[in-house]
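Colleague: Enclosed is the structure file query.cif (mmCIF, C-alpha atoms and all ligand atoms).
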```
data_target
loop_
_atom_site.label_atom_id
_atom_site.label_comp_id
_atom_site.auth_asym_id
_atom_site.auth_seq_id
_atom_site.Cartn_x
_atom_site.Cartn_y
_atom_site.Cartn_z
CA MET K 1 19.69 17.98 11.15
CA ASN K 2 22.66 17.15 13.39
CA GLU K 3 24.13 13.65 13.58
CA ARG K 4 22.65 12.85 16.99
CA THR K 5 19.03 13.43 15.92
CA ARG K 6 19.31 11.77 12.51
CA VAL K 7 16.95 8.82 12.21
CA GLU K 8 17.80 5.91 9.95
CA ARG K 9 15.12 4.99 7.44
CA LYS K 10 14.01 1.38 7.26
CA THR K 11 15.40 -0.42 4.25
CA THR K 12 14.16 -3.22 2.05
CA THR K 13 16.68 -5.43 3.88
CA SER K 14 15.23 -4.55 7.27
CA ILE K 15 11.81 -5.51 5.90
CA THR K 16 12.93 -8.89 4.53
CA GLN K 17 14.94 -9.66 7.68
CA ALA K 18 11.82 -9.19 9.81
CA LYS K 19 10.32 -12.42 8.44
CA GLY K 20 10.00 -14.93 11.26
CA GLU K 21 11.40 -12.38 13.75
CA THR K 22 8.78 -9.67 14.15
CA LYS K 23 5.47 -8.81 12.52
CA LEU K 24 5.50 -5.82 10.17
CA SER K 25 2.96 -2.97 10.35
CA LEU K 26 2.30 -0.91 7.25
CA SER K 27 -0.23 1.75 6.38
CA THR K 28 -0.96 3.98 3.46
CA ALA K 29 -0.45 7.75 3.58
CA TYR K 30 -0.98 10.40 0.91
CA ASP K 31 0.53 13.63 2.22
CA ALA K 32 3.19 14.98 4.56
CA TRP K 33 0.86 15.26 7.58
CA MET K 34 -0.45 11.68 7.30
CA GLY K 35 3.08 10.46 6.68
CA ALA K 36 4.42 12.26 9.77
CA LEU K 37 1.60 10.81 11.88
CA VAL K 38 2.16 7.18 10.95
CA ASP K 39 5.96 7.36 10.52
CA GLU K 40 6.68 6.74 14.20
CA PHE K 41 4.63 3.56 14.33
CA VAL K 42 4.88 1.68 11.04
CA ASP K 43 7.71 -0.08 9.24
CA ALA K 44 6.70 1.05 5.77
CA ILE K 45 4.26 3.46 4.16
CA LEU K 46 2.52 2.79 0.85
CA VAL K 47 1.51 5.77 -1.26
CA GLY K 48 -1.28 3.60 -2.60
CA ASP K 49 -3.33 4.04 -5.74
CA SER K 50 -6.22 3.93 -3.23
CA LEU K 51 -5.44 7.68 -3.35
CA ALA K 52 -7.91 7.72 -6.26
CA VAL K 53 -10.73 6.54 -3.99
CA VAL K 54 -10.03 7.92 -0.52
CA VAL K 55 -8.52 11.29 -1.54
CA GLN K 56 -9.63 12.03 -5.10
CA GLY K 57 -13.19 10.71 -4.74
CA TYR K 58 -13.25 8.25 -7.66
CA ASP K 59 -15.07 4.90 -7.47
CA THR K 60 -12.05 2.85 -8.56
CA THR K 61 -8.25 3.11 -8.37
CA LEU K 62 -7.92 3.37 -12.16
CA PRO K 63 -7.95 7.14 -12.77
CA VAL K 64 -4.96 8.13 -10.60
CA THR K 65 -2.01 9.16 -12.76
CA LEU K 66 1.70 8.57 -12.43
CA ASP K 67 2.25 12.34 -12.03
CA GLU K 68 -0.18 12.31 -9.09
CA ILE K 69 1.48 9.31 -7.42
CA VAL K 70 4.89 11.00 -7.82
CA TYR K 71 3.51 14.27 -6.37
CA HIS K 72 1.93 12.56 -3.33
CA THR K 73 5.03 10.42 -2.79
CA GLN K 74 7.12 13.60 -2.60
CA MET K 75 4.81 14.92 0.14
CA VAL K 76 4.94 11.70 2.15
CA VAL K 77 8.73 11.55 1.86
CA ARG K 78 8.99 15.15 3.11
CA GLY K 79 6.85 14.33 6.17
CA THR K 80 8.69 11.18 7.20
CA GLN K 81 12.07 10.10 8.50
CA ARG K 82 12.06 6.44 9.40
CA ALA K 83 9.51 4.36 7.46
CA LEU K 84 10.35 2.78 4.13
CA ILE K 85 8.34 4.54 1.41
CA ILE K 86 6.71 2.46 -1.33
CA ALA K 87 4.99 4.11 -4.31
CA ASP K 88 2.14 2.26 -6.03
CA LEU K 89 2.51 2.04 -9.80
CA PRO K 90 -0.82 3.18 -11.25
CA PHE K 91 -2.90 1.33 -13.85
CA LEU K 92 -1.23 1.30 -17.31
CA SER K 93 2.05 2.73 -16.06
CA TYR K 94 3.82 -0.66 -16.22
CA GLU K 95 1.69 -3.09 -18.27
CA THR K 96 2.81 -1.70 -21.64
CA GLY K 97 6.33 -3.10 -21.53
CA ARG K 98 9.61 -3.27 -19.72
CA ASP K 99 10.85 0.19 -20.74
CA ASP K 100 7.63 1.93 -19.69
CA ALA K 101 7.73 0.06 -16.37
CA ILE K 102 11.32 1.11 -15.70
CA ARG K 103 10.55 4.72 -16.68
CA SER K 104 7.45 4.84 -14.45
CA ALA K 105 9.10 3.17 -11.47
CA GLY K 106 12.23 5.28 -12.03
CA ARG K 107 10.13 8.47 -11.69
CA CYS K 108 8.71 7.22 -8.37
CA ILE K 109 12.26 6.68 -7.08
CA LYS K 110 14.12 9.63 -8.63
CA GLU K 111 11.42 12.34 -8.51
CA GLY K 112 9.13 10.95 -5.80
CA GLY K 113 11.88 9.86 -3.42
CA ALA K 114 10.34 6.40 -2.81
CA GLN K 115 12.64 3.49 -2.02
CA ALA K 116 10.46 0.89 -3.72
CA VAL K 117 7.41 0.44 -5.93
CA LYS K 118 4.43 -1.91 -5.78
CA LEU K 119 2.58 -3.41 -8.72
CA GLU K 120 -0.35 -5.79 -9.16
CA GLY K 121 -0.29 -9.12 -10.96
CA GLY K 122 1.34 -12.53 -10.93
CA ARG K 123 3.11 -14.55 -13.63
CA SER K 124 1.99 -12.04 -16.28
CA VAL K 125 4.18 -9.34 -14.69
CA ALA K 126 7.06 -11.55 -13.53
CA GLU K 127 9.31 -10.49 -16.43
CA THR K 128 8.57 -6.85 -15.71
CA VAL K 129 9.45 -7.40 -12.04
CA ALA K 130 12.73 -9.05 -13.07
CA SER K 131 13.56 -6.05 -15.32
CA LEU K 132 12.81 -3.60 -12.53
CA THR K 133 14.89 -5.43 -9.95
CA ALA K 134 17.72 -5.80 -12.49
CA ALA K 135 17.54 -2.03 -12.97
CA GLY K 136 17.97 -1.57 -9.21
CA ILE K 137 14.36 -0.83 -8.33
CA PRO K 138 12.99 -2.83 -5.38
CA VAL K 139 9.49 -4.20 -6.01
CA VAL K 140 6.58 -5.29 -3.81
CA GLY K 141 4.07 -7.67 -5.43
CA HIS K 142 0.29 -7.64 -4.95
CA LEU K 143 -1.90 -10.75 -5.32
CA GLY K 144 -5.40 -11.81 -4.33
CA VAL K 145 -7.94 -9.11 -5.07
CA GLN K 146 -6.31 -6.75 -7.55
CA PRO K 147 -8.35 -3.54 -7.79
CA GLN K 148 -6.71 -2.47 -11.08
CA ALA K 149 -8.34 -5.52 -12.73
CA ILE K 150 -11.89 -4.43 -11.87
CA HIS K 151 -13.02 -4.17 -15.49
CA THR K 152 -11.50 -7.49 -16.57
CA LEU K 153 -12.93 -9.34 -13.57
CA GLY K 154 -16.24 -7.50 -13.44
CA SER K 155 -16.08 -7.35 -9.65
CA LEU K 156 -13.58 -7.42 -6.82
CA GLU K 157 -15.12 -10.43 -5.10
CA PRO K 158 -12.45 -12.51 -3.37
CA ARG K 159 -12.09 -16.06 -4.75
CA ASP K 160 -12.01 -19.09 -2.49
CA ASP K 161 -11.69 -22.11 -4.79
CA GLU K 162 -8.97 -24.62 -5.63
CA GLU K 163 -8.11 -23.16 -9.04
CA ALA K 164 -7.68 -19.67 -7.58
CA ALA K 165 -5.54 -21.10 -4.76
CA SER K 166 -3.17 -22.99 -7.06
CA ASN K 167 -2.88 -19.97 -9.39
CA LEU K 168 -2.10 -17.70 -6.46
CA LEU K 169 0.62 -20.01 -5.19
CA ALA K 170 2.20 -20.27 -8.65
CA ASP K 171 2.00 -16.47 -9.05
CA ALA K 172 3.58 -15.89 -5.63
CA LYS K 173 6.48 -18.22 -6.42
CA ALA K 174 7.03 -16.63 -9.84
CA LEU K 175 7.11 -13.15 -8.28
CA GLU K 176 9.53 -14.28 -5.58
CA GLN K 177 11.74 -15.81 -8.25
CA ALA K 178 11.57 -12.54 -10.22
CA GLY K 179 12.92 -10.65 -7.20
CA ILE K 180 10.10 -9.01 -5.21
CA PHE K 181 11.12 -8.32 -1.61
CA ALA K 182 7.60 -8.45 -0.12
CA LEU K 183 4.14 -9.52 -1.26
CA VAL K 184 0.78 -7.91 -0.45
CA LEU K 185 -2.07 -10.43 -0.16
CA GLU K 186 -5.45 -8.72 -0.45
CA LEU K 187 -8.58 -10.58 0.70
CA VAL K 188 -6.94 -13.99 0.40
CA PRO K 189 -8.56 -16.75 2.50
CA ALA K 190 -6.63 -16.96 5.78
CA SER K 191 -5.59 -20.61 5.36
CA LEU K 192 -4.20 -19.93 1.85
CA ALA K 193 -2.41 -16.78 3.07
CA ARG K 194 -0.83 -18.89 5.85
CA SER K 195 0.31 -21.50 3.37
CA VAL K 196 1.78 -18.89 0.96
CA THR K 197 3.52 -17.23 3.92
CA GLN K 198 5.09 -20.55 4.92
CA GLN K 199 6.25 -21.31 1.39
CA LEU K 200 7.92 -17.98 0.62
CA THR K 201 11.20 -16.67 1.99
CA ILE K 202 10.07 -13.04 1.61
CA PRO K 203 7.48 -11.44 3.93
CA THR K 204 3.78 -11.49 3.09
CA ILE K 205 1.77 -8.40 4.01
CA GLY K 206 -1.92 -9.13 4.47
CA ILE K 207 -5.01 -6.99 4.18
CA GLY K 208 -8.16 -8.89 5.02
CA SER K 209 -6.12 -12.11 4.73
CA GLY K 210 -5.98 -13.37 8.31
CA ALA K 211 -3.46 -12.98 11.11
CA ASP K 212 -0.78 -15.36 9.87
CA CYS K 213 0.84 -13.14 7.25
CA ASP K 214 4.26 -11.72 8.14
CA GLY K 215 2.74 -8.24 8.36
CA GLN K 216 -0.44 -6.26 7.87
CA ILE K 217 -1.33 -3.17 5.86
CA GLN K 218 -4.31 -0.84 6.30
CA VAL K 219 -5.57 2.12 4.30
CA PHE K 220 -5.03 5.24 6.48
CA HIS K 221 -8.69 6.30 6.37
CA ASP K 222 -9.86 2.84 7.46
CA LEU K 223 -7.58 2.75 10.53
CA PHE K 224 -9.41 5.80 11.85
CA GLN K 225 -12.84 5.18 10.31
CA LEU K 226 -12.58 8.31 8.24
CA ARG K 227 -14.73 7.08 5.37
CA ASP K 228 -18.34 6.07 5.72
CA SER K 229 -18.34 3.08 3.39
CA LEU K 230 -15.66 0.84 4.82
CA ALA K 231 -14.25 -1.53 2.22
CA GLU K 232 -15.81 -4.85 3.16
CA GLY K 233 -13.43 -7.32 4.78
CA LEU K 234 -10.48 -4.97 4.29
CA ALA K 235 -10.85 -2.36 6.97
CA THR K 236 -9.88 -2.86 10.60
CA PRO K 237 -10.67 0.45 12.32
CA PHE K 238 -8.81 1.16 15.56
CA CYS K 239 -10.87 4.22 16.48
CA ASP K 240 -13.82 6.24 15.22
CA ALA K 241 -12.12 9.52 14.42
CA GLY K 242 -14.80 10.27 11.81
CA THR K 243 -17.46 10.60 14.54
CA LEU K 244 -15.08 12.64 16.73
CA MET K 245 -14.43 15.06 13.87
CA ARG K 246 -18.11 15.44 13.01
CA ASP K 247 -18.88 16.12 16.72
CA ALA K 248 -16.11 18.73 16.83
CA LEU K 249 -17.42 20.40 13.66
CA ARG K 250 -20.99 20.45 15.02
CA HIS K 251 -19.66 22.02 18.23
CA TYR K 252 -17.67 24.58 16.19
CA ALA K 253 -20.66 25.58 14.07
CA THR K 254 -23.03 25.87 17.04
CA SER K 255 -20.50 27.89 19.03
CA VAL K 256 -19.96 30.27 16.07
CA ARG K 257 -23.73 30.80 16.02
CA GLY K 258 -23.59 31.46 19.78
CA GLU K 259 -25.77 28.43 20.48
CA SER K 260 -23.42 26.71 22.93
O1 LIG H 301 -3.54 1.19 -2.89
C1 LIG H 301 -3.61 0.65 -1.78
O2 LIG H 301 -3.94 1.27 -0.76
C2 LIG H 301 -3.26 -0.75 -1.69
C3 LIG H 301 -3.46 -1.44 -0.37
C4 LIG H 301 -4.90 -1.77 -0.20
C5 LIG H 301 -2.58 -2.62 -0.23
O3 LIG H 301 -2.86 -1.33 -2.65
#
```
Could you render the structure as structure tokens?
Modeller:
Amino acid sequence: MNERTRVERKTTTSITQAKGETKLSLSTAYDAWMGALVDEFVDAILVGDSLAVVVQGYDTTLPVTLDEIVYHTQMVVRGTQRALIIADLPFLSYETGRDDAIRSAGRCIKEGGAQAVKLEGGRSVAETVASLTAAGIPVVGHLGVQPQAIHTLGSLEPRDDEEAASNLLADAKALEQAGIFALVLELVPASLARSVTQQLTIPTIGIGSGADCDGQIQVFHDLFQLRDSLAEGLATPFCDAGTLMRDALRHYATSVRGES
């Protein structure tokens, strides 16, 4: 690519500097085509462990492996030029200790080509976050509903009580202190998300957490209504591409049969 057409990728600094200046848009993507489609419009792309559900067909995010996240991150990186690429650390790829976390995150950066990783958890992972950032790996935190904890929590019901709110605030501050450069808030009550956003110096990225976060993230399939069972409270579809595609397929099949 010649110099004149080269596009600069967003950086973790451009993401943090957006706080208070402009709202950030993020989406997930899982392959080169999806990445290329969203690249023009979003600030950052998450190769989410939601891959397990929306691409691989599992009921939870737990089964996706590190190899698979690395593989899909490579595809997204190949399809994109300007968005920051964040790889999601899968379940049990970082909870078993600092060295495992650095090895797992290191693979996402070195083999996958991501610029940052995301992991779930609060104070319990703060030391891990500090080790990763000390090793030169930028980290996004993830609080509120944490899908990797489904078996410990029994359900992914959002919590809206005082204890949960004070824990979330303490977790957010511990993660910020440990060096995260952005924080995903999933299904956090809007007033609490606003308060966390005001109290942190790094951007908050909401999903189902109200309009006052510094940015928003959506799962690719939910933006276009490409899955039938929309995740409750999470999905904000902007068109019904699922219906359009089914209509096109019906038209295709009937025209092949000579019926239209
Ligand atoms: O894996 C994912 O898609 C996520 C988003 C819902 C934030 O973690």
Colleague: Got a sec: who's within 9 Å of K:Cys239, counting all atoms listed in the file, leaving out chain neighbours fewer than 5 positions off, as a VMD selection string?
Modeller: chain K and resid 223 to 225
Colleague: Hey, can you spit out that residue selection with C-alpha atoms as a PDB file, in the frame of the given file?
Modeller:
```pdb
ATOM      1  CA  LEU K 223      -7.580   2.750  10.530  1.00  0.00           C
ATOM      2  CA  PHE K 224      -9.410   5.800  11.850  1.00  0.00           C
ATOM      3  CA  GLN K 225     -12.840   5.180  10.310  1.00  0.00           C
TER       4      GLN K 225
END
```
Colleague: Taking a cut-off of 9 Å and counting all atoms listed in the file, can you build a table that, for each residue of stretch 1-25 of chain K near stretch 68-82 of chain K, reports the nearest atom pair and how far apart they are in Å (one decimal), sorted by chain then residue number, as a Markdown table?
Modeller:
```
| residue | atom | partner | partner_atom | distance |
| --- | --- | --- | --- | --- |
| K:Arg6 | CA | K:Gln81 | CA | 8.4 |
| K:Val7 | CA | K:Arg82 | CA | 6.1 |
| K:Glu8 | CA | K:Arg82 | CA | 5.8 |
| K:Arg9 | CA | K:Arg82 | CA | 3.9 |
| K:Lys10 | CA | K:Arg82 | CA | 5.8 |
```
Colleague: Just the selected residues (C-alpha atoms), exported as an mmCIF file, in the frame of the given file, please.
Modeller:
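Final output, part-v7.cif:
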```cif
data_model
loop_
_atom_site.group_PDB
_atom_site.id
_atom_site.type_symbol
_atom_site.label_atom_id
_atom_site.label_comp_id
_atom_site.auth_asym_id
_atom_site.auth_seq_id
_atom_site.Cartn_x
_atom_site.Cartn_y
_atom_site.Cartn_z
ATOM 1 C CA ARG K 6 19.310 11.770 12.510
ATOM 2 C CA VAL K 7 16.950 8.820 12.210
ATOM 3 C CA GLU K 8 17.800 5.910 9.950
ATOM 4 C CA ARG K 9 15.120 4.990 7.440
ATOM 5 C CA LYS K 10 14.010 1.380 7.260
#
```
Colleague: Once you add 5 Å to each side, what are the centre and edge lengths of the axis-aligned box holding all listed atoms of stretch 153-168 of chain K? One decimal in Å, as lines of an AutoDock Vina configuration file, if you can.
Modeller:
```
center_x = -9.2
center_y = -16.0
center_z = -8.0
size_x = 24.1
size_y = 27.3
size_z = 21.1
```
Colleague: Show me which residues are within 10 Å of ligand LIG 301 (chain H) counting all atoms listed in the file, and format the list as an MDAnalysis selection string.
Modeller: chainID K and resid 26:30 45:54 61 87:90 118:120 141:143 145:148 183:187 205:208 216:221 231 234:235
Colleague: Separation of atom CA of K:Gln198 and atom CA of K:Ala165, in Å?
Modeller: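 Atom CA of K:Ala165 lies at a distance of 14.4 Å from atom CA of K:Gln198.
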Colleague: Excluding K:Gly179 and its own-chain neighbours fewer than 3 positions away, which residues fall within 9 Å of it when counting all atoms listed in the file? Please give them as a PyMOL selection string.
Modeller: chain K and resi 126+129-130+132-134+138-140+174-176
Colleague: Compare K:Phe238, K:Tyr94, K:Phe41, K:Tyr58 by their minimum atom-to-atom distance to K:Gly106, counting all atoms listed in the file, and give me the closest one.
Modeller: K:Tyr94
Colleague: Go through K:Leu156, K:Asp100, K:Thr128, K:Arg194 one by one, measure the shortest atom-to-atom distance of each to K:Asp214 using all atoms listed in the file, and give the residue with the smallest value.
Modeller: K:Arg194
Colleague: Out of K:Asp247, K:Asp31, K:Asp240, K:Glu111, which residue has the shortest atom-to-atom distance to K:Asp222 when counting all atoms listed in the file?
Modeller: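 Among K:Asp247, K:Asp31, K:Asp240, K:Glu111, it is K:Asp240 that comes nearest to K:Asp222.
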Colleague: What is the distance between atom CA of K:Leu66 and atom CA of K:Arg98, in Å to one decimal?
Modeller: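 One can read the atom CA of K:Leu66 to atom CA of K:Arg98 distance as 16.0 Å.
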Colleague: Using Å and a single decimal, report how far atom CA of K:Asp43 sits from atom CA of K:Ala83.
Modeller: 5.1 Å
Colleague: Considering all atoms listed in the file, can you say which of K:Ser131, K:Thr16, K:Arg123, K:Ala211 comes closest to K:Arg103?
Modeller: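 Nearest candidate to K:Arg103 out of K:Ser131, K:Thr16, K:Arg123, K:Ala211: K:Ser131.
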Colleague: My list of candidates is K:Ala170, K:Ala149, K:Leu192, K:Val256. Which is closest to K:Thr60 when distances are computed with all atoms listed in the file?
Modeller: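 Looking only at the distances to K:Thr60, the closest residue turns out to be K:Ala149.
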